[in-house]
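Trainee: Can you keep this structure in mind? I'll have questions shortly.
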Amino acid sequence: MKIATFNINGIKARAEALPRWLDEAQPDVVLLQEIKSVDENFPREIFEERGYNVETHGQKSFNGVAILSKYPLEDVSRGLPGDEEDEQARWIEATVIGKRALRICGLYLPNGNPAPGPKFDYKLAWMERLYERARDLLATEEPALMAGDYNIIPQAEDAKRPEAWREDALFRPESRAAFRKVLNLGFTEAFRARTQGPGHYSFWDYQAGAWNRNDGIRIDHFLLTPQAADLMRDCQIDAAVRGHEKPSDHVPVWVDLDI
DNA sequence: ATGCCTCCCCGAGGGAGA
């Protein structure tokens, strides 16, 4: 089962590029972030005519996450637990019914800039809630994963110019520590389990020719429970997608699980 | 790089992103 995560930076803006990528990459399941659309306006037909089940958790203008799946989806849940007041659409989870059941969580973690400040506080508070959900997920001892735009550069090697990100909410010590704290519960960071070394990125800014200079950062991640990690056959970043027509600033990252 | 694009809102130009 090929499962991808992709921050598309607006479903309306990606209404042509996204189906083109689906047709060529043929993922079974896709976790989308930044759909920037309310549920009623999400163009589900584009995906349903390709055989995908569609579940969305949208909001007007900002954020918004969705799941596309060629397999049945059960027990869909919207919103990260832990704060009833949180209005931002950044979390959706469901069970995919393949050979075995797989719990998948799609997330769009807050950016957090400028730091320090209220947006950075919101990011760290959100990550505490993520920690709680992650712990419960591990306790099931079932194959499960949390994937999406984490807005975290885990290590210096995950940025072309780490010094430029030193004070940024994506790379500040507090952000990276909060990410490590989740990882250290016992998750496998899928990409780093298979590929070492610098030069692997999932985001390139639209500005200043960042893509042409390969001035990127790796901020889109898959975290696998041990039961899911045991099933991993592959994990790749579809970097070439950044060079396609009218691209998102992020590219897809995917895992292949034997499930 | 406290922003050189691109997205959203809409129907001007500001907020947000990373």
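Simple scheme: letters A, B, ... for chains in structure tokens order, numbers from 1 for residues in each chain, numbers from 1 for ligands in the order shown.
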Quick one: DSSP helix (DSSP H, G or I) residues in segment 27-255 of chain A, as a ChimeraX atom specification?

Mentor: /A:39-41,44-48,118-139,156-158,162-165,173-183,190-194,207-209,226-229,239-243

Trainee: Counting only C-alpha atoms (C1' of nucleotides), a student should be able to say which residues of chain A come within 8 Å of chain B; what is the right answer, written as a list in words?

Mentor: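 Listed by rising number, the hits are Asn9, Gly10, Ala13, Lys36, Ser61, Phe62, Asn111, Asn151, Leu170, Asp205, Tyr206, Gln207 and Ala208 of chain A.
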
Trainee: Per DSSP on the backbone, what are the strand (DSSP E) residues of segment 3-243 of chain A, as a PyMOL selection string?

Mentor: chain A and resi 3-7+29-33+53-57+65-69+73-78+91-97+101-108+144-149+188-189+203-204+216-217+220-224+232-237

Trainee: A:Ile217, A:Val30, A:Ala17, A:Leu130: which is nearest Ile3 of chain A, counting only C-alpha atoms?

Mentor: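 Looking at the shortest contact to Ile3 of chain A, the residue is A:Val30.
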
Trainee: If you count only C-alpha atoms (C1' of nucleotides), which residues fall within 10 Å of Gly51 of chain A, apart from same-chain ones fewer than 6 positions away, as an NGL selection string?

Mentor: :A and (28 or 45 or 68-71)

Trainee: I'd like the contact shell of Ala134 of chain A - 10 Å cut-off, only C-alpha atoms (C1' of nucleotides), skipping same-chain residues fewer than 5 positions apart - returned as a PyMOL selection string.

Mentor: chain A and resi 105+128-129+139+144-146+182-183+185-187+223+225

Trainee: Keeping only C-alpha atoms, take the residues you just selected and write them out as a JSON list (two decimals), in the first residue's frame.

Mentor:
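Done, and the output landed in out24.json:
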[["chain", "number", "residue", "atom", "x", "y", "z"],
["A", 105, "CYS", "CA", -3.45, 10.48, 10.94],
["A", 128, "GLU", "CA", 1.83, 18.86, 23.44],
["A", 129, "ARG", "CA", -1.58, 17.70, 22.24],
["A", 139, "ALA", "CA", -0.60, 2.08, 23.18],
["A", 144, "ALA", "CA", -0.51, 3.25, 12.61],
["A", 145, "LEU", "CA", 1.12, 6.39, 11.29],
["A", 146, "MET", "CA", 1.05, 10.17, 11.65],
["A", 182, "VAL", "CA", 7.15, 12.60, 20.12],
["A", 183, "LEU", "CA", 9.65, 10.52, 18.11],
["A", 185, "LEU", "CA", 7.98, 7.65, 22.40],
["A", 186, "GLY", "CA", 8.96, 4.94, 19.93],
["A", 187, "PHE", "CA", 8.09, 6.12, 16.43],
["A", 223, "LEU", "CA", 6.08, 8.81, 11.83],
["A", 225, "THR", "CA", 4.45, 2.98, 15.06]]

Trainee: Select, from A:Gln26, A:Gln59, A:Gln88, A:Thr195, the residue with the minimum atom-to-atom distance to Asp158 of chain A, counting only C-alpha atoms.

Mentor: A:Thr195

Trainee: Measure the distance from atom CA of Asn214 of chain A to atom CA of Gly243 of chain A in Å and round it to one decimal.

Mentor: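 One can read the atom CA of Asn214 of chain A to atom CA of Gly243 of chain A distance as 11.0 Å.
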
Trainee: Give the answer as one residue: which of A:Ala94, A:Ile11, A:Pro72, A:Arg218 has the shortest atom-to-atom distance to Lys60 of chain A, using only C-alpha atoms?

Mentor: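 Smallest separation from Lys60 of chain A among the options: A:Ile11.
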
Trainee: Just the residues within 12 Å of Thr140 of chain A, please, counting only C-alpha atoms (C1' of nucleotides), with nothing from its chain fewer than 3 positions along; format it as a ChimeraX atom specification.

Mentor: /A:102-103,133-137,143-145,225-228

Trainee: Using only C-alpha atoms (C1' of nucleotides), determine which residues lie at most 9 Å from segment 73-81 of chain A, disregarding the query and same-chain residues fewer than 4 positions distant; provide the list as number ranges by chain.

Mentor: A: 53-57, 69, 86-97, 107, 126, 129-130, 132-133
